[in-house]
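Asks: Below are the C-alpha cells for one structure; questions will follow.
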Amino acid sequence: MNIPQSSNPRVVIVGGGFGGIALAKKLSKKDVQVVLLDKHNYHNFQPLLYQVSTGGLEPDSIAYPIRKVLQGYPNFFFRLANVQEVKTETKRIRTNIGEIFYDYLVVATGSETNFFGNKGIETKGMAMKTIPQSLNLRSLILENFEQALLTDDLHERDALMNFVIVGGGPTGVELAGALAEIKKGILPKDYPDLDTRRAQINLVQSGDRLLPAMSQKASEKAEKFLEELGVNVWKSIRVTDYDGKRVTTNTKTIFEAETLVWAAGVRAVGLKGLDGEELLSRGNRLRVNEFHQVIGLEAVFAIGDVAQMETEKFPEGHPMMAQPAMQQGKSLGENLVRMIEEKPMKPFVYKDKGSMATVGRNKAVVDLPKFRFQGVFAWFVWMFVHLYFLIGFRNRLVVFINWVYNYIRFDREARLIIRPFKKQNKVERHNLMRD
C-alpha cells in the first residue's frame, strides 16, 4: 500500500463513516500513524439520503471527500480499498490492494440493510443506505411516472404510481412525508396529463406505533402529520414477500405496487476473520467492552453501528445512529492514546442528546432529554441540527440554499434521471455483485 514505516504505533481504521471520521480527527495531532481504509473516497451523510431519493438534494451536497476531511493532518493516510480478511494472529489485514500490518485495528464498517433472509424483497425491493441506492430509487420513482403515461391499463397505471415503504422508523417516516409532498405539489405540474391523485403512499409498520424509539407523543404526532399529507399508515402489519408487483403481508392486506422501499431494519457489516460466534451478537454486531475492545482481542476495537456494548441502560447495545458513533470515536481516540502511554483507559458513557424526525414542510418531531416538541419549531430545530453536522462549509451552504429555495418555490429541482434504473435487470445485477 506504500504506507511509510514509522516509529509511531499504527492505527488502522476500517470505515469512513461518522465513527471512523470522529476517531481519525481525534488522533490527528497525536503521535500515532493513522491509516483509514474505505471502499468509497467520500463520507456519506446518511440522514439526508431520503432527500437525494426524492429529488430534494443532489448527492454531492451530502457527501464529502475523506482526504479533504483530514487534509493537512500529519501522519494520516487514506487508501481506497475493500477489506477482505482480518488476521488477528499476525495483526495483518488483507485487502484488494494488498496487505497491511496494524498495531491497533478499529472496525467502523457501519451497517447495511437487513432483509432478514427474504430473497424476494432483497432482489426486487429497494434499499436506501448508500448514495448509489438513493440514485437508483430516484430514477425508479421518476421512470414509473413516465411509464404510467404510456399505459392504457388502469390497473398497471395505479401500480406504477403506488409506493409501499416498509418500516416506521425515522427513515420510513421521512421518506413517506417527502413522497407525499411530491404528490401534492410537484406531480400535478410535471404530469398534467396524468391523474396523479390516484398515486398512493403506503407506510407499513409491523409494530403498533411509528417511531418506536421516540416518545408516545412524537409517534402520535408524526402519524397525524403523515395522515394530513395523505399517507396511508398501516400498523401491526408485517410484509412477508414481494414479487416485483405484489406486496403480500401476514394479513389479508395486499398491495399492488411497482415500488417497495425496505426501511425495516439494518445489520452490521462484518469482516472475515472477525466472524466467530463468540465475537458476534444479534444483528451481526461485534461484542465490545466498555473501552470499545472486541471481546478477547486486546488490539482490536469496534465503534459505531458494528459495535455492541452492553450496559445496564442499553442491554442490547447503543442505538445504531450517528450520535453514538461520533461519541464512541472521540472516546476511543482518547483511550488509544492512554493505552499507548500505558495509562488506564476510561469507560465509555453514552450521552443521549435526543432524537428527531421530519415529516414534511413545517412538520417535525423532536425528543430532547428535557424537552419534547412538535410542529414548526421542531422543523427548524431539525434543519439546524442537520446543517450543523454536515461536513464542509460548501455542503452546508448548498443544502441551506436548496432548502430555502424548495420552501419558497415548493419545488425539488433534482428530479433527474441521471442513471436509468431498470427493475427487470435488478436480479441479474444483484447476482453479479454477489459473485
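By order in the C-alpha cells, chains are A, B, ...; within a chain, residues start at 1; ligands start at 1, following the order shown.
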I want to know what sits within 9 Å of A:Pro59, based on only C-alpha atoms, with residues of the same chain fewer than 4 positions away left out; could you give that as a PyMOL selection string?

Replies: chain A and resi 44+49+52+63+131-132+134-135

Asks: Give me the residues near A:Glu290 as a ChimeraX atom specification, where near means some atom within 7 Å (using only C-alpha atoms) and where sequence neighbours in that chain fewer than 6 positions away do not count.

Replies: /A:309,347-348

Asks: Go ahead and save the picked residues with C-alpha atoms, as a CSV table (one decimal), in the first residue's frame.

Replies:
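Contents of the output file selection_39.csv:
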```csv
chain,number,residue,atom,x,y,z
A,309,MET,CA,-21.5,-2.5,24.0
A,347,PRO,CA,-15.0,3.5,30.2
A,348,PHE,CA,-17.4,4.9,27.6
```

Asks: Report as a Markdown table: every residue of stretch 47-89 of chain A with an atom at most 9 Å from stretch 384-390 of chain A, its closest pair of atoms, and their distance in Å to one decimal, counting only C-alpha atoms, with rows sorted by chain and ascending residue number.

Replies:
```
| residue | atom | partner | partner_atom | distance |
| --- | --- | --- | --- | --- |
| A:Pro47 | CA | A:His386 | CA | 8.0 |
| A:Leu48 | CA | A:His386 | CA | 8.3 |
| A:Ile62 | CA | A:Leu390 | CA | 7.2 |
| A:Ala63 | CA | A:Leu390 | CA | 8.7 |
| A:Tyr64 | CA | A:Leu390 | CA | 9.0 |
```

Asks: Take the residues just selected and output them with N, CA and C atoms as a compact mmCIF listing (two decimals), in the first residue's frame.

Replies:
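part05.txt was written with the following content:
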```txt
# COMPACT_ATOMS: atom_id res chain seq x y z
N PRO A 47 -28.32 10.59 7.09
CA PRO A 47 -29.65 11.10 7.47
C PRO A 47 -30.38 11.86 6.37
N LEU A 48 -29.66 12.32 5.34
CA LEU A 48 -30.32 13.07 4.26
C LEU A 48 -30.40 12.29 2.95
N ILE A 62 -24.37 15.98 0.05
CA ILE A 62 -24.35 15.26 1.33
C ILE A 62 -23.15 14.32 1.41
N ALA A 63 -22.22 14.44 0.49
CA ALA A 63 -21.00 13.63 0.51
C ALA A 63 -19.80 14.57 0.57
N TYR A 64 -18.72 14.08 1.18
CA TYR A 64 -17.53 14.92 1.34
C TYR A 64 -16.29 14.04 1.22
```

Asks: Please, which residues of stretch 114-301 of chain A, numbered as in this document, come out helix (DSSP H, G or I) from DSSP, as a ChimeraX atom specification?

Replies: /A:119-124,131-150,154-160,170-185,187-190,196-198,216-228,282-284

Asks: Hey, which of A:Gly125, A:Gly185, A:Pro344, A:Gly304 ends up closest to A:Ala325? Count only C-alpha atoms.

Replies: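 Closest residue, counting only C-alpha atoms: A:Gly304.
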
Asks: Neighbours of A:Leu271 within 12 Å (only C-alpha atoms; same-chain residues fewer than 5 positions away dropped), as a VMD selection string?

Replies: chain A and resid 14 to 15 82 to 88 93 to 95 106 to 111 276 279 to 280 284 to 286 302 306

Asks: Using DSSP on the backbone coordinates, identify the residues of stretch 118-343 of chain A assigned to strand (DSSP E); present them as an MDAnalysis selection string.

Replies: chainID A and resid 162:166 200:205 232:235 239:242 246:249 254:256 259:262 266:268 286:288 300:302 307:309

Asks: Just the number, please: distance in Å from atom CA of A:Glu122 to atom CA of A:Glu143, one decimal.

Replies: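 Between these atoms lies a distance of 20.3 Å.
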
Asks: Considering only C-alpha atoms, state which residue in the set A:Arg246, A:Arg138, A:Lys370, A:Lys272 is at the smallest distance from A:Leu260.

Replies: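 For A:Leu260, the nearest of the candidates is A:Arg246.
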
Asks: Choose the residue, out of A:Gln51, A:Gln308, A:Asn136, A:Ser215, that has the smallest atom-to-atom separation from A:Ala176; count only C-alpha atoms.

Replies: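 Residue with the minimum atom-to-atom distance to A:Ala176: A:Gln51.
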
Asks: Please list as a list of chain:residue names every residue within 8 Å of stretch 208-211 of chain A, counting only C-alpha atoms and excluding residues in the same chain fewer than 4 positions away.

Replies: A:Gly168, A:Gly169, A:Pro170, A:Val173, A:Ser215, A:Ala218, A:Ser219, A:Glu220, A:Ala222, A:Glu223, A:Lys235, A:Ser236

Asks: Compile the contact shell of A:Glu316 as a list in words: residues with an atom at most 12 Å away, counting only C-alpha atoms, same-chain residues fewer than 2 positions apart removed.

Replies: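 That gives Ser281, Arg282, Gly283, Arg285, Leu286, Arg287, Val288, Asp305, Ala307, Gln308, Met309, Glu310, Thr311, Glu312, Lys313, Phe314, His318, Pro319 and Met320 of chain A.
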
Asks: So how many Å separate atom CA of A:Leu397 and atom CA of A:Tyr50, to one decimal?

Replies: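 Here the two named atoms are 18.8 Å from each other.
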